[in-house]
$ cat start_33.cif   # mmCIF, C-alpha atoms
data_model
#
loop_
_atom_site.label_atom_id
_atom_site.label_comp_id
_atom_site.auth_asym_id
_atom_site.auth_seq_id
_atom_site.Cartn_x
_atom_site.Cartn_y
_atom_site.Cartn_z
CA MET J 1190 23.08 45.10 -0.60
CA ASP J 1191 20.81 45.71 2.37
CA PRO J 1192 18.37 42.76 2.71
CA ARG J 1193 15.69 45.14 3.94
CA ASP J 1194 15.69 46.78 0.51
CA VAL J 1195 15.24 43.51 -1.42
CA ARG J 1196 11.62 42.63 -2.15
CA VAL J 1197 11.41 38.83 -2.22
CA VAL J 1198 8.64 36.47 -3.29
CA PHE J 1199 9.22 32.97 -1.90
CA MET J 1200 7.89 29.93 -3.77
CA GLY J 1201 7.88 26.57 -1.98
CA SER J 1202 5.58 23.88 -0.63
CA PRO J 1203 6.92 20.97 1.50
CA ALA J 1204 8.87 20.88 4.75
CA PHE J 1205 12.18 21.01 2.85
CA ALA J 1206 11.42 24.63 1.90
CA VAL J 1207 10.52 25.89 5.38
CA PRO J 1208 14.08 26.50 6.73
CA SER J 1209 14.89 28.62 3.65
CA LEU J 1210 11.75 30.71 4.19
CA ARG J 1211 12.46 31.21 7.87
CA SER J 1212 16.11 32.07 7.18
CA LEU J 1213 15.17 34.77 4.67
CA VAL J 1214 12.87 36.34 7.25
CA SER J 1215 15.54 36.11 9.98
CA ALA J 1216 18.12 37.68 7.66
CA GLY J 1217 15.90 40.71 7.20
CA TYR J 1218 14.75 40.31 3.60
CA ALA J 1219 11.48 42.02 2.69
CA LEU J 1220 9.19 39.01 2.12
CA VAL J 1221 6.34 40.55 0.15
CA GLY J 1222 4.61 37.30 -0.73
CA VAL J 1223 4.73 33.52 -0.36
CA VAL J 1224 3.45 31.33 -3.21
CA THR J 1225 2.68 27.69 -2.42
CA GLN J 1226 0.56 24.79 -3.63
CA PRO J 1227 -3.18 24.69 -2.85
CA ASP J 1228 -4.43 22.70 0.12
CA ARG J 1229 -4.90 19.05 -0.88
CA PRO J 1230 -6.91 16.11 0.52
CA ALA J 1231 -4.74 13.84 2.66
CA GLY J 1232 -5.10 10.73 4.78
CA ARG J 1233 -7.93 8.24 4.89
CA GLY J 1234 -10.57 10.83 5.62
CA GLY J 1235 -9.51 13.08 2.75
CA ALA J 1236 -9.42 16.20 4.93
CA LEU J 1237 -7.68 19.16 3.33
CA ARG J 1238 -4.06 19.58 4.37
CA SER J 1239 -2.11 22.81 4.01
CA PRO J 1240 1.45 22.74 2.64
CA ASP J 1241 4.12 23.11 5.31
CA VAL J 1242 5.22 26.40 3.75
CA LYS J 1243 1.71 27.82 4.11
CA LEU J 1244 1.65 26.92 7.80
CA ALA J 1245 5.04 28.54 8.38
CA ALA J 1246 4.20 31.64 6.35
CA THR J 1247 0.92 32.12 8.20
CA GLU J 1248 2.76 31.83 11.50
CA LEU J 1249 5.20 34.48 10.29
CA GLY J 1250 2.37 36.81 9.25
CA LEU J 1251 3.26 36.72 5.55
CA ASP J 1252 0.94 37.11 2.57
CA VAL J 1253 0.15 33.61 1.18
CA TYR J 1254 -1.03 32.90 -2.36
CA GLN J 1255 -2.05 29.40 -3.52
CA PRO J 1256 -2.82 29.38 -7.26
CA GLU J 1257 -3.68 26.12 -9.02
CA THR J 1258 -1.54 27.17 -11.97
CA LEU J 1259 0.88 29.95 -12.82
CA ARG J 1260 -0.28 29.99 -16.45
CA ASN J 1261 -3.19 32.32 -15.93
CA PRO J 1262 -3.45 36.08 -16.65
CA ALA J 1263 -5.02 36.80 -13.25
CA VAL J 1264 -2.23 34.89 -11.49
CA GLU J 1265 0.42 36.71 -13.51
CA GLU J 1266 -1.18 40.02 -12.55
CA ARG J 1267 -1.10 39.06 -8.85
CA LEU J 1268 2.56 38.05 -9.05
CA GLN J 1269 3.47 41.19 -10.99
CA GLY J 1270 1.79 43.23 -8.28
CA TYR J 1271 4.41 42.15 -5.74
CA ALA J 1272 6.96 44.23 -7.65
CA ALA J 1273 9.61 41.75 -6.57
CA ASP J 1274 13.34 42.20 -6.94
CA LEU J 1275 13.87 38.46 -6.50
CA PHE J 1276 12.00 35.17 -6.56
CA VAL J 1277 13.42 32.45 -4.29
CA VAL J 1278 12.21 28.93 -5.12
CA ALA J 1279 12.56 25.79 -2.99
CA ALA J 1280 10.64 22.63 -3.94
CA TYR J 1281 7.65 24.61 -5.15
CA GLY J 1282 6.42 21.77 -7.34
CA LYS J 1283 5.66 23.66 -10.56
CA ILE J 1284 7.75 24.90 -13.47
CA LEU J 1285 7.86 28.70 -13.63
CA PRO J 1286 6.61 29.93 -17.04
CA ARG J 1287 8.71 32.36 -19.05
CA ALA J 1288 6.38 35.25 -18.23
CA VAL J 1289 6.78 34.61 -14.49
CA LEU J 1290 10.57 34.24 -14.72
CA ALA J 1291 10.74 37.64 -16.39
CA MET J 1292 9.03 39.44 -13.50
CA PRO J 1293 11.64 39.90 -10.75
CA ALA J 1294 14.17 42.64 -11.45
CA ARG J 1295 17.22 40.59 -10.33
CA GLY J 1296 15.92 37.18 -11.43
CA SER J 1297 15.11 33.95 -9.62
CA VAL J 1298 17.18 31.48 -7.61
CA ASN J 1299 16.39 27.94 -6.55
CA VAL J 1300 17.44 25.79 -3.57
CA HIS J 1301 17.90 22.26 -4.95
CA ALA J 1302 18.66 19.12 -2.93
CA SER J 1303 21.54 17.69 -4.95
CA LEU J 1304 25.03 18.50 -6.17
CA LEU J 1305 24.06 19.72 -9.62
CA PRO J 1306 24.40 18.68 -12.37
CA ARG J 1307 23.88 15.31 -10.67
CA TRP J 1308 20.22 14.52 -10.05
CA ARG J 1309 18.19 17.16 -11.74
CA GLY J 1310 14.50 16.47 -11.18
CA ALA J 1311 11.83 15.81 -8.59
CA SER J 1312 13.36 13.10 -6.36
CA PRO J 1313 17.08 13.90 -5.99
CA ILE J 1314 17.47 12.66 -2.40
CA ALA J 1315 15.94 9.26 -3.06
CA ALA J 1316 17.88 9.00 -6.32
CA ALA J 1317 21.20 9.58 -4.56
CA ILE J 1318 20.47 6.84 -2.00
CA LEU J 1319 19.26 4.39 -4.65
CA ALA J 1320 22.41 4.97 -6.71
CA ASP J 1321 24.65 4.35 -3.67
CA ASP J 1322 26.23 7.79 -4.03
CA ALA J 1323 28.87 8.49 -1.39
CA GLU J 1324 27.68 12.06 -0.96
CA THR J 1325 24.97 14.47 -1.91
CA GLY J 1326 24.28 18.08 -1.00
CA VAL J 1327 22.52 21.28 -1.95
CA SER J 1328 22.92 23.70 -4.82
CA ILE J 1329 21.81 27.31 -5.13
CA MET J 1330 21.21 28.01 -8.80
CA GLU J 1331 19.75 30.56 -11.13
CA VAL J 1332 16.37 29.52 -12.50
CA GLU J 1333 15.84 29.11 -16.23
CA MET J 1334 13.18 27.45 -18.36
CA LYS J 1335 14.87 24.05 -18.54
CA MET J 1336 14.37 22.04 -15.33
CA ASP J 1337 17.22 22.47 -12.80
CA ALA J 1338 19.59 23.49 -15.61
CA GLY J 1339 20.50 27.00 -14.42
CA ALA J 1340 23.99 28.18 -13.59
CA VAL J 1341 25.11 27.24 -10.08
CA ILE J 1342 25.80 29.99 -7.56
CA ALA J 1343 27.02 27.78 -4.69
CA ARG J 1344 27.15 24.13 -3.54
CA ALA J 1345 27.59 22.37 -0.21
CA ALA J 1346 28.15 18.62 0.22
CA THR J 1347 27.43 16.06 2.92
CA ALA J 1348 28.20 12.34 3.17
CA ILE J 1349 25.34 9.88 2.80
CA LEU J 1350 25.51 7.79 5.97
CA PRO J 1351 24.83 4.03 5.96
CA ASP J 1352 21.54 4.47 7.82
CA ASP J 1353 20.34 7.64 6.05
CA THR J 1354 16.74 7.57 4.84
CA THR J 1355 15.28 10.13 2.47
CA GLY J 1356 13.39 11.63 5.41
CA ALA J 1357 16.46 12.01 7.59
CA LEU J 1358 18.64 13.30 4.77
CA GLU J 1359 15.96 15.78 3.70
CA VAL J 1360 15.99 17.43 7.13
CA ARG J 1361 19.78 17.78 6.99
CA LEU J 1362 19.77 19.14 3.45
CA ALA J 1363 16.95 21.58 4.18
CA ASP J 1364 19.03 23.21 6.91
CA MET J 1365 22.14 23.16 4.72
CA GLY J 1366 20.21 24.76 1.86
CA ALA J 1367 18.89 27.54 4.05
CA ALA J 1368 22.34 28.34 5.39
CA LEU J 1369 23.92 28.26 1.93
CA LEU J 1370 21.17 30.49 0.54
CA ILE J 1371 21.71 33.19 3.15
CA ASP J 1372 25.49 32.97 2.81
CA SER J 1373 25.66 33.12 -0.99
CA LEU J 1374 22.72 35.35 -1.89
CA PRO J 1375 24.21 38.79 -1.07
CA ARG J 1376 27.39 38.23 -3.12
CA TRP J 1377 25.42 36.93 -6.09
CA TYR J 1378 22.83 39.71 -5.84
CA ASP J 1379 25.54 42.36 -5.87
CA GLY J 1380 27.36 40.71 -8.76
CA ASP J 1381 30.44 39.73 -6.74
CA THR J 1382 29.75 36.02 -7.40
CA VAL J 1383 29.20 34.84 -10.96
CA ALA J 1384 27.16 31.65 -11.29
CA ALA J 1385 28.94 28.79 -13.09
CA PRO J 1386 27.18 26.96 -15.97
CA GLN J 1387 26.54 23.26 -15.35
CA ASP J 1388 28.60 20.66 -17.21
CA GLU J 1389 25.99 19.02 -19.44
CA SER J 1390 28.16 15.91 -19.86
CA LEU J 1391 27.71 15.14 -16.15
CA VAL J 1392 23.92 15.52 -15.99
CA THR J 1393 21.80 12.80 -14.41
CA VAL J 1394 18.02 13.07 -14.13
CA CYS J 1395 15.49 11.62 -11.67
CA ARG J 1396 11.73 11.45 -12.08
CA THR J 1397 8.78 11.92 -9.77
CA LEU J 1398 8.30 8.85 -7.59
CA LYS J 1399 5.13 6.79 -7.89
CA LYS J 1400 3.51 4.60 -5.25
CA GLU J 1401 4.30 1.44 -7.18
CA ASP J 1402 8.03 2.24 -7.11
CA GLY J 1403 8.09 1.05 -3.51
CA HIS J 1404 7.33 -2.58 -4.40
CA LEU J 1405 10.66 -4.42 -4.15
CA ARG J 1406 11.63 -6.23 -7.36
CA ALA J 1407 12.91 -9.74 -7.99
CA ASP J 1408 15.73 -8.39 -10.17
CA MET J 1409 17.20 -6.38 -7.28
CA THR J 1410 20.23 -7.42 -5.31
CA ALA J 1411 19.74 -7.45 -1.55
CA ALA J 1412 21.91 -4.32 -1.32
CA GLU J 1413 19.67 -2.54 -3.84
CA ALA J 1414 16.61 -3.62 -1.87
CA GLU J 1415 18.13 -2.29 1.37
CA ARG J 1416 18.85 1.05 -0.30
CA ALA J 1417 15.28 1.10 -1.63
CA VAL J 1418 13.98 0.66 1.93
CA ARG J 1419 15.91 3.77 2.95
CA ALA J 1420 15.24 5.76 -0.23
CA PHE J 1421 11.47 5.20 -0.09
CA ASN J 1422 11.18 6.17 3.59
CA PRO J 1423 8.91 8.07 4.19
CA TRP J 1424 7.30 7.86 0.71
CA PRO J 1425 6.17 5.77 -1.06
CA GLY J 1426 7.47 3.18 1.40
CA ALA J 1427 9.18 -0.07 0.42
CA SER J 1428 6.94 -3.13 0.41
CA VAL J 1429 6.41 -6.75 -0.61
CA GLU J 1430 3.28 -8.85 -0.91
CA TYR J 1431 2.80 -11.27 1.98
CA ARG J 1432 -0.13 -13.67 2.22
CA GLY J 1433 -1.98 -11.57 -0.34
CA GLN J 1434 -1.47 -8.26 1.49
CA ARG J 1435 1.03 -5.47 1.28
CA ILE J 1436 3.67 -5.42 4.02
CA GLY J 1437 5.61 -2.19 4.40
CA ILE J 1438 9.33 -2.40 5.24
CA TRP J 1439 10.69 0.59 7.13
CA LYS J 1440 14.06 -0.65 8.32
CA ALA J 1441 16.27 -3.52 7.18
CA HIS J 1442 19.84 -4.78 7.03
CA LEU J 1443 21.81 -7.37 5.07
CA ALA J 1444 22.82 -10.90 5.99
CA PRO J 1445 24.80 -13.54 4.06
CA PRO J 1446 22.92 -15.68 1.52
CA ASP J 1447 21.39 -19.00 2.46
CA GLY J 1448 21.13 -20.44 -1.04
CA ALA J 1449 17.33 -20.15 -1.18
CA PRO J 1450 15.60 -18.79 -4.33
CA THR J 1451 14.84 -15.09 -4.61
CA GLY J 1452 11.67 -14.25 -2.70
CA SER J 1453 12.01 -17.08 -0.19
CA THR J 1454 11.56 -16.23 3.47
CA GLY J 1455 13.43 -17.42 6.53
CA LEU J 1456 14.76 -16.34 9.89
CA VAL J 1457 18.00 -14.66 10.86
CA GLY J 1458 17.96 -15.07 14.60
CA LYS J 1459 14.47 -13.94 15.58
CA LEU J 1460 14.01 -11.65 12.58
CA PRO J 1461 12.28 -12.39 9.25
CA ALA J 1462 14.41 -12.29 6.13
CA ILE J 1463 13.90 -12.35 2.36
CA SER J 1464 16.37 -14.07 0.04
CA PHE J 1465 17.73 -12.26 -3.00
CA ASN J 1466 20.24 -13.56 -5.51
CA ASP J 1467 23.28 -12.34 -3.57
CA ALA J 1468 22.25 -12.03 0.09
CA ARG J 1469 19.29 -11.81 2.45
CA LEU J 1470 17.34 -8.71 3.43
CA VAL J 1471 16.62 -8.87 7.17
CA LEU J 1472 13.50 -6.98 8.21
CA ASP J 1473 14.00 -4.89 11.34
CA GLU J 1474 10.73 -2.94 11.18
CA VAL J 1475 7.58 -3.72 9.19
CA GLN J 1476 3.95 -2.64 8.96
CA ARG J 1477 0.78 -4.37 7.86
CA VAL J 1478 -1.80 -2.27 6.04
CA GLY J 1479 -3.93 -0.43 8.58
CA SER J 1480 -1.72 -1.40 11.53
CA LYS J 1481 1.11 0.20 13.46
CA ARG J 1482 4.76 -0.49 12.79
CA LEU J 1483 6.24 -3.59 14.41
CA SER J 1484 9.72 -4.85 15.06
CA GLY J 1485 10.61 -7.81 12.88
CA ALA J 1486 10.68 -10.02 15.97
CA ASP J 1487 7.15 -8.98 16.95
CA PHE J 1488 5.97 -9.69 13.41
CA VAL J 1489 7.40 -13.22 13.63
CA ASN J 1490 5.71 -13.70 17.01
CA GLY J 1491 2.41 -12.64 15.45
CA GLU J 1492 2.90 -15.34 12.84
CA ARG J 1493 3.58 -17.84 15.65
CA GLY J 1494 6.94 -18.45 14.08
CA GLN J 1495 5.38 -19.88 10.90
CA LEU J 1496 6.23 -17.48 8.08
CA ALA J 1497 4.82 -17.91 4.61
CA THR J 1498 7.49 -19.55 2.50
CA THR J 1499 7.68 -16.74 -0.06
CA VAL J 1500 6.84 -13.08 -0.56
CA GLY J 1501 5.60 -11.43 -3.75
CA LEU J 1502 8.16 -9.26 -5.53
CA ALA J 1503 7.49 -7.06 -8.53
#
$ encode --input "start_33.cif" --output "structure tokens"
Amino acid sequence: MDPRDVRVVFMGSPAFAVPSLRSLVSAGYALVGVVTQPDRPAGRGGALRSPDVKLAATELGLDVYQPETLRNPAVEERLQGYAADLFVVAAYGKILPRAVLAMPARGSVNVHASLLPRWRGASPIAAAILADDAETGVSIMEVEMKMDAGAVIARAATAILPDDTTGALEVRLADMGAALLIDSLPRWYDGDTVAAPQDESLVTVCRTLKKEDGHLRADMTAAEAERAVRAFNPWPGASVEYRGQRIGIWKAHLAPPDGAPTGSTGLVGKLPAISFNDARLVLDEVQRVGSKRLSGADFVNGERGQLATTVGLA
């Protein structure tokens, strides 16, 4: 297979997808179109923000298409017009309808940020951190109608480090996914690699995260709360209620218990801490609503050393 002879439509939206797009271009594939989500309002001012894939595709001089839905005859006609041999999908954000999946001559492949069949779904990186998995990785799979259920072409694993956040791990997995895609695609395209069906008995599923998921819960252990801080960084951000306001927690570590009830506050050295039923969560970096991030010590200084006695947990 000569990449220059393979007409590819790329479908992706966030930063995770950008390395795969750039790698396809660098490898010489004929990128005939890039499909991504529409621009959306973002930030306090609500100004429209373009998906990262759109920005990269525009920089690369590629044709960009941003349909609201794929279930539309006019959209189907536009996609059919690309006469694609292959669709490559990476965190596009929409399920491909049957009519769309039938379009490319060789089929569709997806770059997914987990070791399938573990963590099918929309938040696999956060799910792996929350579950205290020792490792995660990327999978290149064939796309079928059922979400993330296609046969797996290739996998690559990486350890989840003690200080890994979703943001940091996403960058690493995005680069791994791009490299694995370029390495495995030619052999699969030519039929030299046969994709392996997933073991349905090993499937785990994760859902789309919501903003309220970031509110730390009273039924958590301190270790679970610490993993939540890392899993929800950068979004939706871990938080507790403090003096009637939301306080974001961006970095934390564990300390031995002090016997105080869950939700009680105290100090570990110069840092604020929250008691859970097994240990304390020490806050290294926090953020008040509308303010910049502060070290835990600076937060305590701002309170003149007099912390509220408790925080609000969900």
$ axis_aligned_box --input "start_33.cif" --around "region 1404-1410 of chain J" --padding-each-side "4 Å" --output "AutoDock Vina command-line options"
--center_x 13.8 --center_y -6.2 --center_z -7.2 --size_x 20.9 --size_y 15.2 --size_z 14.0
$ resolve_selection --input "start_33.cif" --expression "the PyMOL selection byres ((chain J and resi 1271-1287) around 7)" --output "count of residues only"
31
$ resolve_selection --input "start_33.cif" --expression "the PyMOL selection byres ((chain J and resi 1436) around 7)" --output "PDB file with C-alpha atoms, in the coordinates of the input"
ATOM      1  CA  SER J1428       6.940  -3.130   0.410  1.00  0.00           C
ATOM      2  CA  VAL J1429       6.410  -6.750  -0.610  1.00  0.00           C
ATOM      3  CA  GLU J1430       3.280  -8.850  -0.910  1.00  0.00           C
ATOM      4  CA  TYR J1431       2.800 -11.270   1.980  1.00  0.00           C
ATOM      5  CA  GLN J1434      -1.470  -8.260   1.490  1.00  0.00           C
ATOM      6  CA  ARG J1435       1.030  -5.470   1.280  1.00  0.00           C
ATOM      7  CA  GLY J1437       5.610  -2.190   4.400  1.00  0.00           C
ATOM      8  CA  ILE J1438       9.330  -2.400   5.240  1.00  0.00           C
ATOM      9  CA  VAL J1475       7.580  -3.720   9.190  1.00  0.00           C
ATOM     10  CA  GLN J1476       3.950  -2.640   8.960  1.00  0.00           C
ATOM     11  CA  ARG J1477       0.780  -4.370   7.860  1.00  0.00           C
ATOM     12  CA  VAL J1478      -1.800  -2.270   6.040  1.00  0.00           C
TER      13      VAL J1478
END
$ atom_distance --input "start_33.cif" --atom1 "CA of Thr1355 (chain J)" --atom2 "CA of Gly1452 (chain J)"
25.2 Å
$ residues_around --input "start_33.cif" --residues "Ala1468 (chain J)" --least-positions-apart "4" --cutoff "9 Å" --atoms "all atoms listed in the file" --output "compact mmCIF listing (two decimals) with C-alpha atoms, in the frame of the given file"
# COMPACT_ATOMS: atom_id res chain seq x y z
CA THR J 1410 20.23 -7.42 -5.31
CA ALA J 1411 19.74 -7.45 -1.55
CA ALA J 1412 21.91 -4.32 -1.32
CA LEU J 1443 21.81 -7.37 5.07
CA ALA J 1444 22.82 -10.90 5.99
CA PRO J 1445 24.80 -13.54 4.06
CA PRO J 1446 22.92 -15.68 1.52
CA ASP J 1447 21.39 -19.00 2.46
CA GLY J 1448 21.13 -20.44 -1.04
CA ILE J 1463 13.90 -12.35 2.36
CA SER J 1464 16.37 -14.07 0.04
$ closest_residue --input "start_33.cif" --among "J:Val1394, J:Leu1362, J:Ala1343, J:Ala1462" --to "Thr1382 (chain J)" --atoms "all atoms listed in the file"
J:Ala1343
